[in-house]
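The block underneath contains the structure these notes are about, expressed in structure tokens.
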Amino acid sequence: MWDFAKNFDKNIAKALAKTFTKDCAKTLAEICVKSYEQYSKNYSKNPYTTVAALAAIIVLLPLVLPSAFYFRVAALVFINAIAVVGLNLLMGFAGQVSLGHAGFFGIGAYAVALGPLTLGVPPAASMIGGTVLSALLALLVGRPILKLRGYYLAVATLGLGLLIAMVFTNESELTGGPNGMQVPRLVLFGWRAYGAVTWYWIAGITLIIGTLVAVNLIESPTGRAIRAIHDSETASRVLGVDVAQYKLLVFVLSAIYAAIAGSYFALLDGFVTPDTSGFIRSIEFVVMAVLGGLGSILGSIVGAAILVILPQVLTLFHEYEHIVLGLIMIVFMIFLPAGIVPTLARRIAERMS
């Protein structure tokens, strides 16, 4: 197993060497193997190891990032990870499928565009407003939608996401339609948040906070109730758990995560289009969660990192990029069926026992 891991990291290092510096790739590969082995030893003793490890990586990573481009890629990883952490709370821990989470992501993105340009509201206040709007929408539609299960729930959330994307596309006078619209820069007390390095730290710190909130929730009595719902709604009801209330709670919380991530994405890019809330974006979030590992907060971050970084590396294959990416996803799912983090953690545990 570890021979596979070592060869995997060597191959990644070779690919990264063509886009990253050679020393940067080698350092990242060594860190991945050693830090994850140590992480696996400590996680079962302290669930907050995820937060500590994430904070250490965010602080140390700038030491090996050679230019603003890599800071931007890292910021995109963090932004996507914020949304996927929220989605994993819903899918991985509560067991509720959502194929329309990009709708909430889009609400957050368009809020920071429409607020300043249409209502004259500062971007920071617009971001808060977009987050509140997403939470209220999730609260409104969540109660009837979450009565559904399985495929029916998936189709219902898919329809919600498509409706939101259609609004952004068709209301061209307000949103710019398919052409999109500009997003004003974030200004706080005269300080202008601009540039990849700035958004690296903003997104990174927010991800640490979001991860801490998620871990606290999972380890709380509320988290235990949510996990019980995942295992069996009927048994949870017998034990006195208000299933509908807890499902609605986690649905609203995941919408808040997605809206914040969407606002950050739009502010980083300075531009937003309806594709931000499209079906493909929702599927990307689901793939990130499944690839990293449902029911794993660390898996959410790992999945986001892989699906953001890997396409950058695979540009070396030009027109075969998507084919190679698809093959890699298939290989991951065959050899790591429970997701990267849970499968590796289980195999490491078996090796140590």
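Here's how to read the names in the structure tokens: chain A, B, ... by the order shown, residue numbers from 1 in each chain, ligand numbers from 1 in the order shown.
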
Segment 38-92 of chain A residues near segment 308-313 of chain A within 8 Å, closest pair each, using only C-alpha atoms, as CSV:
```
residue,atom,partner,partner_atom,distance
A:Val73,CA,A:Ile309,CA,7.1
A:Leu76,CA,A:Val308,CA,7.2
A:Val77,CA,A:Val308,CA,6.0
```

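Residue neighbourhood of Leu188 of chain A, excluding near-sequence residues (fewer than 5 positions): A:Pro122, A:Pro123, A:Ala124, A:Ala193, at 10 Å, using only C-alpha atoms.
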
Let me see the file: selected residues, N, CA and C atoms, as a PDB file, in the first residue's frame.
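Result went into again05.pdb, see below:
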```
ATOM      1  N   PRO A 122     -22.382  48.265   0.294  1.00  0.00           N
ATOM      2  CA  PRO A 122     -20.971  47.843   0.219  1.00  0.00           C
ATOM      3  C   PRO A 122     -20.845  46.337   0.023  1.00  0.00           C
ATOM      4  N   PRO A 123     -19.769  45.892  -0.630  1.00  0.00           N
ATOM      5  CA  PRO A 123     -19.590  44.448  -0.875  1.00  0.00           C
ATOM      6  C   PRO A 123     -19.641  43.589   0.384  1.00  0.00           C
ATOM      7  N   ALA A 124     -19.052  44.083   1.486  1.00  0.00           N
ATOM      8  CA  ALA A 124     -19.054  43.290   2.715  1.00  0.00           C
ATOM      9  C   ALA A 124     -20.477  43.079   3.227  1.00  0.00           C
ATOM     10  N   ALA A 193      -9.291  44.777  -0.617  1.00  0.00           N
ATOM     11  CA  ALA A 193      -8.882  43.375  -0.756  1.00  0.00           C
ATOM     12  C   ALA A 193      -8.689  43.071  -2.229  1.00  0.00           C
TER      13      ALA A 193
END
```

Open item on the list: Just to confirm, what's the straight-line distance from atom CA of Ala345 of chain A to atom CA of Leu90 of chain A in Å (one decimal)?
Closed with: 21.7 Å

Open item on the list: Can you tell me which residues surround Gly223 of chain A at a distance of at most 12 Å, considering only C-alpha atoms, apart from same-chain residues fewer than 3 positions away, and format the answer as a list in words?
Closed with: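 Counting only the stated atoms, we get Leu89, Leu90, Gly92, Phe93, Ala94, Val213, Ala214, Val215, Asn216, Leu217, Ile218, Glu219, Ser220, Ile226, Arg227, Ala228, Ile229, His230, Val241, Tyr246, Lys247, Leu249, Val250 and Gly295 of chain A.
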
Could you turn the residues from that selection into a file that holds N, CA and C atoms, as a JSON list (two decimals), in the first residue's frame?
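Resulting contents of again_14.json:
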```
[["chain", "number", "residue", "atom", "x", "y", "z"],
["A", 89, "LEU", "N", -21.29, 18.04, 5.25],
["A", 89, "LEU", "CA", -22.12, 17.97, 6.45],
["A", 89, "LEU", "C", -23.50, 17.44, 6.09],
["A", 90, "LEU", "N", -24.02, 17.90, 4.95],
["A", 90, "LEU", "CA", -25.35, 17.50, 4.51],
["A", 90, "LEU", "C", -25.36, 16.07, 3.97],
["A", 92, "GLY", "N", -22.52, 13.70, 3.71],
["A", 92, "GLY", "CA", -21.69, 12.69, 4.37],
["A", 92, "GLY", "C", -22.12, 12.37, 5.78],
["A", 93, "PHE", "N", -22.62, 13.38, 6.52],
["A", 93, "PHE", "CA", -22.97, 13.16, 7.92],
["A", 93, "PHE", "C", -24.47, 13.01, 8.13],
["A", 94, "ALA", "N", -25.28, 13.81, 7.42],
["A", 94, "ALA", "CA", -26.74, 13.70, 7.56],
["A", 94, "ALA", "C", -27.36, 12.74, 6.55],
["A", 213, "VAL", "N", -15.82, 25.07, 12.95],
["A", 213, "VAL", "CA", -17.27, 25.03, 13.22],
["A", 213, "VAL", "C", -17.83, 23.64, 12.89],
["A", 214, "ALA", "N", -17.41, 23.08, 11.74],
["A", 214, "ALA", "CA", -17.90, 21.77, 11.33],
["A", 214, "ALA", "C", -17.49, 20.68, 12.31],
["A", 215, "VAL", "N", -16.23, 20.70, 12.75],
["A", 215, "VAL", "CA", -15.75, 19.69, 13.70],
["A", 215, "VAL", "C", -16.48, 19.83, 15.03],
["A", 216, "ASN", "N", -16.67, 21.07, 15.49],
["A", 216, "ASN", "CA", -17.42, 21.29, 16.73],
["A", 216, "ASN", "C", -18.83, 20.74, 16.62],
["A", 217, "LEU", "N", -19.46, 20.98, 15.47],
["A", 217, "LEU", "CA", -20.82, 20.49, 15.27],
["A", 217, "LEU", "C", -20.86, 18.97, 15.31],
["A", 218, "ILE", "N", -19.93, 18.33, 14.60],
["A", 218, "ILE", "CA", -19.92, 16.88, 14.51],
["A", 218, "ILE", "C", -19.70, 16.23, 15.88],
["A", 219, "GLU", "N", -18.85, 16.85, 16.70],
["A", 219, "GLU", "CA", -18.53, 16.28, 18.01],
["A", 219, "GLU", "C", -19.54, 16.65, 19.08],
["A", 220, "SER", "N", -20.53, 17.48, 18.77],
["A", 220, "SER", "CA", -21.53, 17.91, 19.73],
["A", 220, "SER", "C", -22.71, 16.93, 19.76],
["A", 226, "ILE", "N", -27.33, 14.12, 14.14],
["A", 226, "ILE", "CA", -27.27, 14.18, 12.68],
["A", 226, "ILE", "C", -26.72, 12.88, 12.12],
["A", 227, "ARG", "N", -25.69, 12.34, 12.75],
["A", 227, "ARG", "CA", -25.12, 11.08, 12.28],
["A", 227, "ARG", "C", -26.08, 9.91, 12.50],
["A", 228, "ALA", "N", -26.87, 10.01, 13.55],
["A", 228, "ALA", "CA", -27.87, 8.97, 13.79],
["A", 228, "ALA", "C", -28.92, 8.98, 12.68],
["A", 229, "ILE", "N", -29.29, 10.16, 12.22],
["A", 229, "ILE", "CA", -30.24, 10.29, 11.11],
["A", 229, "ILE", "C", -29.68, 9.63, 9.86],
["A", 230, "HIS", "N", -28.38, 9.81, 9.64],
["A", 230, "HIS", "CA", -27.73, 9.19, 8.48],
["A", 230, "HIS", "C", -27.87, 7.67, 8.53],
["A", 241, "VAL", "N", -35.18, 11.82, 18.52],
["A", 241, "VAL", "CA", -34.52, 12.84, 17.70],
["A", 241, "VAL", "C", -35.55, 13.49, 16.77],
["A", 246, "TYR", "N", -33.48, 18.59, 12.55],
["A", 246, "TYR", "CA", -32.03, 18.46, 12.38],
["A", 246, "TYR", "C", -31.64, 18.43, 10.90],
["A", 247, "LYS", "N", -32.44, 17.80, 10.08],
["A", 247, "LYS", "CA", -32.18, 17.81, 8.64],
["A", 247, "LYS", "C", -32.25, 19.22, 8.08],
["A", 249, "LEU", "N", -31.75, 21.97, 9.80],
["A", 249, "LEU", "CA", -30.62, 22.72, 10.36],
["A", 249, "LEU", "C", -29.37, 22.54, 9.51],
["A", 250, "VAL", "N", -29.04, 21.29, 9.19],
["A", 250, "VAL", "CA", -27.82, 21.04, 8.44],
["A", 250, "VAL", "C", -27.96, 21.52, 7.00],
["A", 295, "GLY", "N", -18.41, 12.02, 4.76],
["A", 295, "GLY", "CA", -18.27, 11.79, 6.18],
["A", 295, "GLY", "C", -16.89, 12.11, 6.71]]
```

Open item on the list: With distances taken over only C-alpha atoms, which residue among A:Phe104, A:Tyr257, A:Tyr48, A:Phe285 lies nearest Leu162 of chain A?
Closed with: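 The closest residue to Leu162 of chain A is A:Phe104.
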
Per residue of segment 194-302 of chain A within 9 Å of segment 145-151 of chain A, which atom pair is closest and at what distance in Å (one decimal), using only C-alpha atoms, listed by chain and increasing number, as a Markdown table?
```
| residue | atom | partner | partner_atom | distance |
| --- | --- | --- | --- | --- |
| A:Ala244 | CA | A:Leu146 | CA | 7.5 |
| A:Lys247 | CA | A:Leu146 | CA | 7.1 |
| A:Leu248 | CA | A:Leu146 | CA | 7.2 |
| A:Phe251 | CA | A:Leu146 | CA | 8.7 |
```

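Pairwise distance (atom CA of Ile330 of chain A, atom CA of Ala304 of chain A) equals 16.5 Å.
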
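Using only C-alpha atoms, the shortest contact distance between Val112 of chain A and any of A:Leu253, A:Ile260, A:Leu212, A:Leu153 is found at A:Ile260.
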
Open item on the list: With only C-alpha atoms as the counted atoms, please give the residues lying no more than 10 Å from Arg72 of chain A, apart from itself and same-chain residues fewer than 5 positions off, as a ChimeraX atom specification.
Closed with: /A:67,77-78,195-200,268-269

Open item on the list: Give me the residues near segment 154-160 of chain A as a count of residues only, where near means some atom within 7 Å (using only C-alpha atoms) and where sequence neighbours in that chain fewer than 6 positions away do not count.
Closed with: 5

- [ ] Give the answer as one residue: which of A:Arg224, A:Arg185, A:Arg347, A:Arg192 has the shortest atom-to-atom distance to Ala113 of chain A, using only C-alpha atoms?
- [x]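 Closest to Ala113 of chain A of all the choices is A:Arg185.
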
Open item on the list: So, with only C-alpha atoms as the atoms that count, which of A:Asn170, A:Thr118, A:Thr131, A:Gln245 lies closest to Arg143 of chain A?
Closed with: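 Of all the options, A:Gln245 lies closest to Arg143 of chain A.
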
- [ ] For Ala261 of chain A, please output as JSON, numbers by chain all residues within 7 Å (counting only C-alpha atoms; exclusion window: fewer than 6 positions along the same chain).
- [x] {"A": [79, 80, 82, 83, 105]}

Open item on the list: From a backbone DSSP assignment, name each residue in segment 93-328 of chain A labelled alpha helix (DSSP H), as a ChimeraX atom specification.
Closed with: /A:102-114,123-145,150-170,172-175,196-219,221-231,233-238,243-269,279-292,297-313,321-328

Open item on the list: When you count only C-alpha atoms, which of these residues is closest to Ser282 of chain A: A:Val331, A:Ala258, A:Ser236, A:Leu139?
Closed with: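 Nearest candidate to Ser282 of chain A out of A:Val331, A:Ala258, A:Ser236, A:Leu139: A:Ala258.
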